[in-house]
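I have placed the structure first, in the form of structure tokens, so that the comments after it can refer back to it.
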Amino acid sequence: MKTLIFSLVFVVSIFAQNWLQQVKSQLEQCQNLKQVDSLVTIFEQQHQQTPKKLLHFYNSALRSIYLVREREIRSIPQKDQQTQIKKIKTIHQQYENLVNHIYTKAADLCQTLPPDSLNDELQAYCKTFKIVAANLRFEKELRSKPRPDFVFTDLNGKQHHLYDFKGHYVLLHFWNMHSQPCVAELPYLRQVWEKYAPKGLVIINFHLTVGHPDAQWEAEALTNFIKESEMPGLQVAGEQAAKIKEQYFIRNYPTLFLLNPESIVIKPEKRRMGLSDDLRGKKLLQTLKEVFGE
Amino acid sequence: MRNVLVFLFLLFAGLTAQNPTYTQAVDAFSKNHFTQARQLIHRFLQQHPDDPAALNLLGNIYLSTQNYTKAIQIFQKLQNLTPHDASIALNLGKALEKNGQYTQALSQYQQAVQDSALTQIAQVLMAQLYFKQNQFSRALAFYQQLIKRSPTNSYFHKQAARCLLKQSPISPQAENHLHKALQLNHKDLDVYILLFNLYKKKEAWAQALQTIQQGLLHYPHNTQLLIAAGDAYFASQKYFKAITQYKNALQAGDSSAYLFKKLGASYYYTNNFPSALLALKKSIRKEQQDPIPFYFLGLTQKALALPKKAIVSFEQAIRLSLPSYLPDIYFHLAESYQRQKVYSKAIAMYKKVLEMDSTQIMPLFYLATIYDQYYKDRQVPLRYYQQFLEKANETVAQRYKDYALERLQAIREQLHFQKGRKKQK
């Protein structure tokens, strides 16, 4: 009896794998992203009643879409450069839209399913889908709504709210003292502080701890470093900085956001690979020059 | 030791021991109540002024209270009363030694050596006195005699090694004696440290580390051993391990300038610059005359994009006479000046590097680029680019050579056209 059940499970799993393989090969055979988009729509309509199957499909589709995009870019006829660039930009946009659609749909689907009903593999997929979808939502809302208020205590023990600084441009700086790019950023921060603090610029630095260092030594080293480097602005560290970091989906250091007097993020205009390009190095000076209308 | 002394007093005393004042004085002495003991023995001596046991006790009371002149007087009086008593010679010798009268002390010890019961202790005292007077070969001769008499005494082996190390810091015989001492007593902290220092001098870091690790098995929280372990790892360029040991020493209670200096340097080498900054500042707060922490502080500040502060630290290190094995300080100083855009000083420092070591190559490149970018005269950068390209070997990255060559050609062209224009005029 046991042997029979085992054989049945095996046959079913083979069948399941075959199904996924077939879908994958169908997706990869697509010549362009439009075809993939149509396939995704059809599959979604057909499998509304089997959400777990859909989750497997989404995960597989994400990998295949990348391959189709690369193929489509390579197949662009090499005529004039301008047309080529335009075409590549369109493909990138289609790719981004499709990927965003999949992550958002998949995350919504995960939300409807009780976690106990998912196996380890699907739970892992759902974790990624939810993080990416939340990040996408964050990016979408970042520049359209004022950032939510938060409370923090600076290293001098004084409590502040983000909204205490409404009416000012606020530069949120997420950093780590052991990171060389963060250290390289400090001379520019000092320069903008000197120039724009008298015009109402506020800098809030959030020091984010990496790993599990000796807490007492790390705290002392941070205070000493801030003093030595004459780091401008308010200093926030510890767990509160880590919590605020999560609200801003920080994955790289340093990351900077410039908030306008209504607490809406105005810079960076768009983050590429999580990097805030227009607020780094010399560009920080240039950006603030534009913002302050010089 | 004091109990043994009390027993000896009572033995020495004979009939006197039956006197209650005397026994009370001995009792007070044994409990370190020296004032009371002295008062009691004085009372006793009023009735028995020449009693040898009482005088001996009084001499020892003065010796214990560091009143050496009076101790000497008492023991001399006693020696006149009992001239052949070797134990009195020994006590008198001790009092004379404590009073700084080494020659007289030695002659008393020599007298005591004659008594076979006291030979060993007299020899130990003589060896110690010779060692104190930096007469290490004489001290060694005594310890060698003592080892012959008591080959299993670890202290004698340790002391013999100490004498040998004073004569030659990497003496193989000393190493043998120290190993023997450890075999006989593996809990002697001094021996671990002596052996570590011997291997340190020999730059035998693996053996040094092994020795310290053995010591740490017995004394896991000993700061001296922890720092020594850190030093062994540091010398072997295992900086993360060195940091662990130095931090253990810090936790065990050491907060010396040396510890923070080594911790700071280790953090610097592991690129943990904020921690290096903290440790080096702590070291400097405790000791301002050591140039090394200033040197590492300068390097750290330079790495943290603080060239202005780095310049101050480097200059302080130079003022405090930085050891000659760190000549690269001028190179770092030059780079810091360059970042601060103080080009005249940067040039002076690069030239200083070349003066100190004419085989250096990169200063030529930097001199060339500074003159090229910030000075009018075209001949100077041309000369430096030429010199750089002549000396640049395979250790120099190709991109520097390419840049130098490109600039060299551009300057030559520029000079060629300048000449042409002059001719036309």
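Ordered as shown in the structure tokens, chains take letters A, B, and onward, while each chain numbers its residues from 1 and ligands are numbered from 1 in the order shown.
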For region 162-176 of chain A, please output as a list of chain:residue names all residues within 8 Å (counting only C-alpha atoms; exclusion window: fewer than 3 positions along the same chain).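 Skipping anything fewer than 3 positions along the chain leaves A:Asp149, A:Phe150, A:Val151, A:Ser179, A:Cys182, A:Gly200, A:Leu201, A:Val202, A:Ile203, A:Ile204, A:Asn205, A:Phe206, A:His207, A:Leu208, A:Thr209, A:Val210, A:Lys245, A:Ile250, A:Tyr253, A:Pro254, A:Thr255, A:Leu256, A:Phe257, A:Leu258, A:Leu259, A:Asn260, A:Pro261, A:Glu262, A:Ser263.
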Per residue of chain B within 12 Å of chain A, record the nearest atom pair and its distance in Å to one decimal, counting only C-alpha atoms, with rows in chain order and ascending residue number, as JSON lines.
{"residue": "B:Thr244", "atom": "CA", "partner": "A:Asp214", "partner_atom": "CA", "distance": 11.3}
{"residue": "B:Lys247", "atom": "CA", "partner": "A:Asp214", "partner_atom": "CA", "distance": 10.1}
{"residue": "B:Leu250", "atom": "CA", "partner": "A:Trp217", "partner_atom": "CA", "distance": 11.2}
{"residue": "B:Gln251", "atom": "CA", "partner": "A:Trp217", "partner_atom": "CA", "distance": 11.4}
{"residue": "B:Gly264", "atom": "CA", "partner": "A:Ala221", "partner_atom": "CA", "distance": 11.5}
{"residue": "B:Tyr267", "atom": "CA", "partner": "A:His178", "partner_atom": "CA", "distance": 11.3}
{"residue": "B:Tyr268", "atom": "CA", "partner": "A:His178", "partner_atom": "CA", "distance": 11.6}
{"residue": "B:Thr270", "atom": "CA", "partner": "A:His178", "partner_atom": "CA", "distance": 10.8}
{"residue": "B:Asn271", "atom": "CA", "partner": "A:His178", "partner_atom": "CA", "distance": 8.2}
{"residue": "B:Asn272", "atom": "CA", "partner": "A:His178", "partner_atom": "CA", "distance": 6.3}
{"residue": "B:Phe273", "atom": "CA", "partner": "A:His178", "partner_atom": "CA", "distance": 7.0}
{"residue": "B:Pro274", "atom": "CA", "partner": "A:Ala221", "partner_atom": "CA", "distance": 5.8}
{"residue": "B:Ser275", "atom": "CA", "partner": "A:Ala221", "partner_atom": "CA", "distance": 5.5}
{"residue": "B:Ala276", "atom": "CA", "partner": "A:Ala221", "partner_atom": "CA", "distance": 8.6}
{"residue": "B:Leu277", "atom": "CA", "partner": "A:Phe225", "partner_atom": "CA", "distance": 7.3}
{"residue": "B:Leu278", "atom": "CA", "partner": "A:Ala221", "partner_atom": "CA", "distance": 5.5}
{"residue": "B:Ala279", "atom": "CA", "partner": "A:Ala221", "partner_atom": "CA", "distance": 8.5}
{"residue": "B:Leu280", "atom": "CA", "partner": "A:Ala221", "partner_atom": "CA", "distance": 11.0}
{"residue": "B:Lys281", "atom": "CA", "partner": "A:Asn224", "partner_atom": "CA", "distance": 9.0}
{"residue": "B:Lys282", "atom": "CA", "partner": "A:Asn224", "partner_atom": "CA", "distance": 10.4}
{"residue": "B:Leu297", "atom": "CA", "partner": "A:Glu228", "partner_atom": "CA", "distance": 11.4}
{"residue": "B:Thr300", "atom": "CA", "partner": "A:Phe225", "partner_atom": "CA", "distance": 11.1}
{"residue": "B:Gln301", "atom": "CA", "partner": "A:Glu228", "partner_atom": "CA", "distance": 8.9}
{"residue": "B:Lys302", "atom": "CA", "partner": "A:Val183", "partner_atom": "CA", "distance": 11.0}
{"residue": "B:Ala303", "atom": "CA", "partner": "A:Gln180", "partner_atom": "CA", "distance": 8.7}
{"residue": "B:Leu304", "atom": "CA", "partner": "A:Val183", "partner_atom": "CA", "distance": 6.1}
{"residue": "B:Ala305", "atom": "CA", "partner": "A:Ala184", "partner_atom": "CA", "distance": 6.6}
{"residue": "B:Leu306", "atom": "CA", "partner": "A:Ser229", "partner_atom": "CA", "distance": 7.0}
{"residue": "B:Pro307", "atom": "CA", "partner": "A:Ser229", "partner_atom": "CA", "distance": 10.6}
{"residue": "B:Lys308", "atom": "CA", "partner": "A:Ser229", "partner_atom": "CA", "distance": 10.7}
{"residue": "B:Lys309", "atom": "CA", "partner": "A:Glu228", "partner_atom": "CA", "distance": 8.8}
{"residue": "B:Ala310", "atom": "CA", "partner": "A:Glu228", "partner_atom": "CA", "distance": 11.2}
{"residue": "B:Arg339", "atom": "CA", "partner": "A:Pro187", "partner_atom": "CA", "distance": 11.9}
{"residue": "B:Gln340", "atom": "CA", "partner": "A:Pro187", "partner_atom": "CA", "distance": 11.9}
Mind pulling up the distance from CA of Asn91 (chain B) to CA of Phe44 (chain B)?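 So the answer is 21.2 Å.
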If you run DSSP on the backbone here, which positions in region 118-286 of chain A get helix (DSSP H, G or I)? Please write them as a compact mmCIF listing (two decimals) with N, CA and C atoms, in the first residue's frame.
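part28.txt was written with the following content:
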# COMPACT_ATOMS: atom_id res chain seq x y z
N ASP A 120 7.69 25.00 2.10
CA ASP A 120 8.87 25.85 2.31
C ASP A 120 9.23 26.65 1.05
N GLU A 121 9.12 25.97 -0.10
CA GLU A 121 9.49 26.60 -1.36
C GLU A 121 8.59 27.81 -1.64
N LEU A 122 7.28 27.60 -1.49
CA LEU A 122 6.34 28.69 -1.77
C LEU A 122 6.46 29.82 -0.73
N GLN A 123 6.77 29.42 0.51
CA GLN A 123 6.95 30.46 1.54
C GLN A 123 8.14 31.37 1.19
N ALA A 124 9.20 30.74 0.67
CA ALA A 124 10.38 31.53 0.27
C ALA A 124 10.03 32.46 -0.89
N TYR A 125 9.27 31.93 -1.86
CA TYR A 125 8.85 32.77 -3.00
C TYR A 125 8.06 33.97 -2.48
N CYS A 126 7.09 33.66 -1.60
CA CYS A 126 6.19 34.72 -1.10
C CYS A 126 6.97 35.81 -0.36
N LYS A 127 8.00 35.36 0.39
CA LYS A 127 8.81 36.34 1.14
C LYS A 127 9.43 37.36 0.16
N THR A 128 10.02 36.82 -0.91
CA THR A 128 10.64 37.70 -1.91
C THR A 128 9.60 38.57 -2.60
N PHE A 129 8.48 37.95 -3.01
CA PHE A 129 7.43 38.71 -3.71
C PHE A 129 6.97 39.89 -2.86
N LYS A 130 6.76 39.63 -1.56
CA LYS A 130 6.23 40.68 -0.67
C LYS A 130 7.24 41.82 -0.51
N ILE A 131 8.53 41.45 -0.34
CA ILE A 131 9.55 42.50 -0.15
C ILE A 131 9.63 43.38 -1.39
N VAL A 132 9.70 42.72 -2.55
CA VAL A 132 9.86 43.49 -3.80
C VAL A 132 8.63 44.35 -4.05
N ALA A 133 7.44 43.76 -3.81
CA ALA A 133 6.21 44.52 -4.05
C ALA A 133 6.12 45.73 -3.12
N ALA A 134 6.53 45.52 -1.86
CA ALA A 134 6.50 46.64 -0.90
C ALA A 134 7.46 47.74 -1.36
N ASN A 135 8.62 47.32 -1.85
CA ASN A 135 9.59 48.29 -2.35
C ASN A 135 9.04 49.06 -3.55
N LEU A 136 8.33 48.34 -4.41
CA LEU A 136 7.74 49.00 -5.58
C LEU A 136 6.70 50.02 -5.16
N ARG A 137 5.87 49.60 -4.18
CA ARG A 137 4.85 50.52 -3.64
C ARG A 137 5.51 51.77 -3.07
N PHE A 138 6.62 51.49 -2.32
CA PHE A 138 7.36 52.58 -1.68
C PHE A 138 7.88 53.56 -2.73
N GLU A 139 8.48 52.99 -3.79
CA GLU A 139 9.04 53.84 -4.86
C GLU A 139 7.95 54.67 -5.53
N LYS A 140 6.75 54.04 -5.65
CA LYS A 140 5.64 54.71 -6.33
C LYS A 140 5.13 55.89 -5.50
N GLU A 141 5.05 55.62 -4.17
CA GLU A 141 4.46 56.65 -3.29
C GLU A 141 5.48 57.68 -2.84
N LEU A 142 6.77 57.33 -3.00
CA LEU A 142 7.85 58.14 -2.45
C LEU A 142 7.76 59.61 -2.87
N LEU A 162 10.15 64.04 12.59
CA LEU A 162 10.50 64.49 11.23
C LEU A 162 9.71 65.77 10.90
N TYR A 163 8.43 65.80 11.37
CA TYR A 163 7.58 66.94 11.02
C TYR A 163 7.95 68.23 11.77
N ASP A 164 8.91 68.11 12.74
CA ASP A 164 9.42 69.34 13.38
C ASP A 164 10.11 70.21 12.34
N PHE A 165 10.58 69.54 11.26
CA PHE A 165 11.37 70.26 10.26
C PHE A 165 10.56 70.62 9.02
N GLN A 180 33.63 52.60 3.11
CA GLN A 180 34.51 53.58 2.48
C GLN A 180 33.72 54.59 1.63
N PRO A 181 32.72 54.14 0.84
CA PRO A 181 31.93 55.13 0.09
C PRO A 181 31.22 56.14 1.01
N CYS A 182 30.81 55.71 2.19
CA CYS A 182 30.16 56.63 3.13
C CYS A 182 31.16 57.67 3.63
N VAL A 183 32.37 57.20 3.92
CA VAL A 183 33.42 58.12 4.39
C VAL A 183 33.76 59.12 3.29
N ALA A 184 33.79 58.63 2.05
CA ALA A 184 34.12 59.50 0.92
C ALA A 184 33.05 60.58 0.71
N GLU A 185 31.86 60.31 1.20
CA GLU A 185 30.74 61.24 1.02
C GLU A 185 30.82 62.42 2.00
N LEU A 186 31.50 62.22 3.11
CA LEU A 186 31.48 63.21 4.19
C LEU A 186 31.99 64.61 3.80
N PRO A 187 33.08 64.72 3.03
CA PRO A 187 33.52 66.08 2.66
C PRO A 187 32.42 66.86 1.93
N TYR A 188 31.63 66.14 1.09
CA TYR A 188 30.55 66.82 0.36
C TYR A 188 29.44 67.25 1.30
N LEU A 189 29.16 66.39 2.29
CA LEU A 189 28.12 66.74 3.27
C LEU A 189 28.53 67.99 4.05
N ARG A 190 29.82 68.05 4.40
CA ARG A 190 30.32 69.23 5.13
C ARG A 190 30.17 70.48 4.27
N GLN A 191 30.47 70.32 2.99
CA GLN A 191 30.37 71.49 2.08
C GLN A 191 28.94 71.98 1.96
N VAL A 192 27.98 71.04 1.76
CA VAL A 192 26.58 71.49 1.61
C VAL A 192 26.06 72.08 2.92
N TRP A 193 26.53 71.53 4.01
CA TRP A 193 26.10 72.04 5.32
C TRP A 193 26.54 73.50 5.48
N GLU A 194 27.81 73.72 5.17
CA GLU A 194 28.36 75.09 5.29
C GLU A 194 27.57 76.07 4.43
N LYS A 195 27.22 75.62 3.23
CA LYS A 195 26.59 76.50 2.27
C LYS A 195 25.08 76.66 2.49
N TYR A 196 24.40 75.56 2.82
CA TYR A 196 22.94 75.61 2.82
C TYR A 196 22.28 75.53 4.20
N ALA A 197 23.03 75.22 5.24
CA ALA A 197 22.42 75.25 6.58
C ALA A 197 21.90 76.66 6.89
N PRO A 198 22.65 77.72 6.55
CA PRO A 198 22.11 79.06 6.81
C PRO A 198 20.83 79.35 6.02
N LYS A 199 20.63 78.58 4.93
CA LYS A 199 19.41 78.78 4.13
C LYS A 199 18.30 77.82 4.55
N ALA A 215 28.96 46.28 21.08
CA ALA A 215 28.06 47.45 21.07
C ALA A 215 28.69 48.67 21.74
N GLN A 216 29.34 48.44 22.88
CA GLN A 216 29.89 49.58 23.63
C GLN A 216 31.02 50.26 22.85
N TRP A 217 31.90 49.43 22.30
CA TRP A 217 33.04 49.95 21.53
C TRP A 217 32.54 50.69 20.29
N GLU A 218 31.54 50.07 19.62
CA GLU A 218 31.00 50.63 18.39
C GLU A 218 30.39 52.02 18.67
N ALA A 219 29.65 52.11 19.79
CA ALA A 219 29.01 53.38 20.14
C ALA A 219 30.07 54.46 20.41
N GLU A 220 31.11 54.05 21.13
CA GLU A 220 32.19 54.99 21.47
C GLU A 220 32.93 55.42 20.20
N ALA A 221 33.17 54.43 19.32
CA ALA A 221 33.88 54.72 18.06
C ALA A 221 33.06 55.67 17.20
N LEU A 222 31.74 55.48 17.21
CA LEU A 222 30.87 56.34 16.40
C LEU A 222 30.91 57.79 16.91
N THR A 223 30.76 57.95 18.22
CA THR A 223 30.79 59.30 18.80
C THR A 223 32.11 59.97 18.48
N ASN A 224 33.20 59.21 18.65
CA ASN A 224 34.54 59.74 18.40
C ASN A 224 34.71 60.12 16.92
N PHE A 225 34.19 59.25 16.04
CA PHE A 225 34.32 59.49 14.60
C PHE A 225 33.54 60.74 14.19
N ILE A 226 32.33 60.88 14.71
CA ILE A 226 31.48 62.04 14.37
C ILE A 226 32.18 63.34 14.79
N LYS A 227 32.78 63.27 15.98
CA LYS A 227 33.48 64.45 16.51
C LYS A 227 34.70 64.77 15.65
N GLU A 228 35.48 63.73 15.37
CA GLU A 228 36.72 63.92 14.61
C GLU A 228 36.44 64.42 13.19
N GLU A 239 18.90 51.05 17.37
CA GLU A 239 17.70 50.37 16.86
C GLU A 239 16.74 51.32 16.15
N GLN A 240 16.64 52.57 16.66
CA GLN A 240 15.70 53.51 16.03
C GLN A 240 16.13 53.81 14.59
N ALA A 241 17.45 53.90 14.36
CA ALA A 241 17.94 54.14 13.00
C ALA A 241 17.60 52.94 12.12
N ALA A 242 17.74 51.73 12.68
CA ALA A 242 17.44 50.52 11.92
C ALA A 242 15.96 50.46 11.54
N LYS A 243 15.09 50.90 12.46
CA LYS A 243 13.64 50.88 12.17
C LYS A 243 13.31 51.86 11.05
N ILE A 244 13.89 53.04 11.12
CA ILE A 244 13.61 54.06 10.09
C ILE A 244 14.16 53.60 8.75
N LYS A 245 15.29 52.91 8.80
CA LYS A 245 15.90 52.36 7.57
C LYS A 245 14.90 51.45 6.85
N GLU A 246 14.17 50.63 7.63
CA GLU A 246 13.20 49.72 7.02
C GLU A 246 12.08 50.48 6.31
N GLN A 247 11.70 51.63 6.87
CA GLN A 247 10.64 52.44 6.24
C GLN A 247 11.09 52.99 4.88
N ASP A 277 21.83 58.31 -7.11
CA ASP A 277 22.90 58.92 -7.90
C ASP A 277 23.00 60.44 -7.79
N ASP A 278 21.82 61.12 -7.90
CA ASP A 278 21.91 62.58 -7.96
C ASP A 278 22.15 63.24 -6.61
N LEU A 279 22.37 62.44 -5.58
CA LEU A 279 22.71 63.03 -4.28
C LEU A 279 24.07 62.53 -3.80
N LYS A 282 29.90 65.07 -6.00
CA LYS A 282 29.78 66.43 -6.51
C LYS A 282 28.34 66.74 -6.93
N LYS A 283 27.59 65.67 -7.32
CA LYS A 283 26.21 65.87 -7.77
C LYS A 283 25.33 66.39 -6.63
N LEU A 284 25.70 66.08 -5.41
CA LEU A 284 24.93 66.57 -4.25
C LEU A 284 24.96 68.09 -4.23
N LEU A 285 26.17 68.63 -4.46
CA LEU A 285 26.32 70.09 -4.49
C LEU A 285 25.49 70.70 -5.61
N GLN A 286 25.55 70.05 -6.76
CA GLN A 286 24.83 70.53 -7.94
C GLN A 286 23.31 70.50 -7.70
Take CA of Thr69 (chain B) and CA of Gln120 (chain B) and report the distance between them in Å, one decimal.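 Interatomic distance here is 26.3 Å.
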Can you list, as a list of chain:residue names, every protein, DNA or RNA residue that comes within 12 Å of region 389-394 of chain B when you count only C-alpha atoms, leaving out same-chain residues fewer than 3 positions away?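 That gives B:Ser358, B:Thr359, B:Gln360, B:Ile361, B:Met362, B:Pro363, B:Leu364, B:Phe365, B:Ala368, B:Leu382, B:Arg383, B:Tyr384, B:Tyr385, B:Gln386, B:Ala397, B:Gln398, B:Arg399, B:Tyr400, B:Lys401, B:Asp402, B:Tyr403, B:Ala404, B:Leu405, B:Glu406, B:Arg407, B:Leu408.
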Selected residues written out, N, CA, C and O atoms, as a CSV table (one decimal), in the first residue's frame:
chain,number,residue,atom,x,y,z
B,358,SER,N,66.7,57.1,-2.8
B,358,SER,CA,66.7,57.5,-4.2
B,358,SER,C,66.1,56.4,-5.1
B,358,SER,O,65.9,56.6,-6.3
B,359,THR,N,65.8,55.2,-4.6
B,359,THR,CA,65.3,54.1,-5.4
B,359,THR,C,63.7,54.3,-5.5
B,359,THR,O,63.1,53.5,-6.3
B,360,GLN,N,63.2,55.2,-4.8
B,360,GLN,CA,61.7,55.4,-4.9
B,360,GLN,C,61.3,55.8,-6.2
B,360,GLN,O,62.0,56.7,-6.9
B,361,ILE,N,60.2,55.3,-6.7
B,361,ILE,CA,59.7,55.7,-8.1
B,361,ILE,C,58.5,56.6,-8.1
B,361,ILE,O,58.5,57.6,-8.8
B,362,MET,N,57.5,56.2,-7.3
B,362,MET,CA,56.2,57.0,-7.4
B,362,MET,C,56.3,58.5,-7.1
B,362,MET,O,55.6,59.3,-7.7
B,363,PRO,N,57.2,58.9,-6.1
B,363,PRO,CA,57.3,60.3,-5.9
B,363,PRO,C,57.6,61.1,-7.2
B,363,PRO,O,57.2,62.2,-7.4
B,364,LEU,N,58.4,60.5,-8.1
B,364,LEU,CA,58.7,61.1,-9.3
B,364,LEU,C,57.5,61.4,-10.1
B,364,LEU,O,57.3,62.5,-10.7
B,365,PHE,N,56.6,60.4,-10.1
B,365,PHE,CA,55.3,60.5,-10.9
B,365,PHE,C,54.5,61.7,-10.3
B,365,PHE,O,54.0,62.5,-11.0
B,368,ALA,N,55.9,65.0,-11.0
B,368,ALA,CA,55.7,65.4,-12.4
B,368,ALA,C,54.3,65.9,-12.6
B,368,ALA,O,54.1,66.9,-13.2
B,382,LEU,N,58.5,67.8,-17.5
B,382,LEU,CA,59.1,67.0,-18.5
B,382,LEU,C,60.2,66.1,-17.9
B,382,LEU,O,60.3,64.9,-18.2
B,383,ARG,N,61.1,66.8,-17.1
B,383,ARG,CA,62.2,66.1,-16.5
B,383,ARG,C,61.7,65.0,-15.6
B,383,ARG,O,62.3,63.8,-15.6
B,384,TYR,N,60.7,65.3,-14.8
B,384,TYR,CA,60.2,64.3,-13.8
B,384,TYR,C,59.6,63.1,-14.5
B,384,TYR,O,59.7,61.9,-14.1
B,385,TYR,N,58.8,63.4,-15.6
B,385,TYR,CA,58.1,62.3,-16.3
B,385,TYR,C,59.2,61.4,-16.9
B,385,TYR,O,59.1,60.2,-16.9
B,386,GLN,N,60.3,62.0,-17.5
B,386,GLN,CA,61.4,61.2,-18.0
B,386,GLN,C,62.0,60.3,-17.0
B,386,GLN,O,62.2,59.1,-17.2
B,397,ALA,N,52.2,50.1,-11.8
B,397,ALA,CA,51.1,49.8,-12.6
B,397,ALA,C,51.2,50.5,-14.0
B,397,ALA,O,51.7,51.6,-14.1
B,398,GLN,N,50.7,49.8,-15.0
B,398,GLN,CA,50.9,50.2,-16.4
B,398,GLN,C,50.2,51.6,-16.7
B,398,GLN,O,50.7,52.4,-17.4
B,399,ARG,N,49.0,51.8,-15.9
B,399,ARG,CA,48.3,53.0,-16.2
B,399,ARG,C,49.1,54.3,-15.9
B,399,ARG,O,49.0,55.3,-16.5
B,400,TYR,N,50.0,54.2,-14.9
B,400,TYR,CA,50.9,55.3,-14.5
B,400,TYR,C,51.9,55.6,-15.7
B,400,TYR,O,52.1,56.7,-16.1
B,401,LYS,N,52.4,54.5,-16.2
B,401,LYS,CA,53.4,54.6,-17.3
B,401,LYS,C,52.7,55.2,-18.5
B,401,LYS,O,53.3,56.1,-19.1
B,402,ASP,N,51.5,54.7,-18.8
B,402,ASP,CA,50.8,55.2,-20.0
B,402,ASP,C,50.5,56.7,-19.9
B,402,ASP,O,50.7,57.4,-20.8
B,403,TYR,N,50.1,57.1,-18.7
B,403,TYR,CA,49.7,58.5,-18.5
B,403,TYR,C,51.0,59.3,-18.6
B,403,TYR,O,51.0,60.4,-19.3
B,404,ALA,N,52.1,58.9,-18.0
B,404,ALA,CA,53.3,59.6,-18.0
B,404,ALA,C,53.8,59.8,-19.5
B,404,ALA,O,54.2,60.9,-19.9
B,405,LEU,N,53.7,58.7,-20.2
B,405,LEU,CA,54.2,58.7,-21.6
B,405,LEU,C,53.3,59.7,-22.4
B,405,LEU,O,53.8,60.5,-23.2
B,406,GLU,N,52.0,59.7,-22.2
B,406,GLU,CA,51.1,60.5,-22.9
B,406,GLU,C,51.4,62.0,-22.6
B,406,GLU,O,51.5,62.8,-23.5
B,407,ARG,N,51.6,62.3,-21.3
B,407,ARG,CA,51.9,63.7,-20.9
B,407,ARG,C,53.3,64.1,-21.5
B,407,ARG,O,53.4,65.3,-21.9
B,408,LEU,N,54.2,63.2,-21.4
B,408,LEU,CA,55.5,63.5,-21.9
B,408,LEU,C,55.5,64.0,-23.4
B,408,LEU,O,56.1,65.0,-23.7
May I have the residues within 8 Å of region 369-371 of chain B as a list in words, using only C-alpha atoms and disregarding those fewer than 3 positions away in the same chain? Tyr343, Ile347, Phe365, Tyr366, Tyr374, Tyr375, Lys376, Asp377, Arg378, Val380 and Pro381 of chain B
Please measure the separation of CA of Glu97 (chain B) and CA of Tyr68 (chain B), giving the value in Å to one decimal.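 CA of Glu97 (chain B) sits 9.2 Å away from CA of Tyr68 (chain B).
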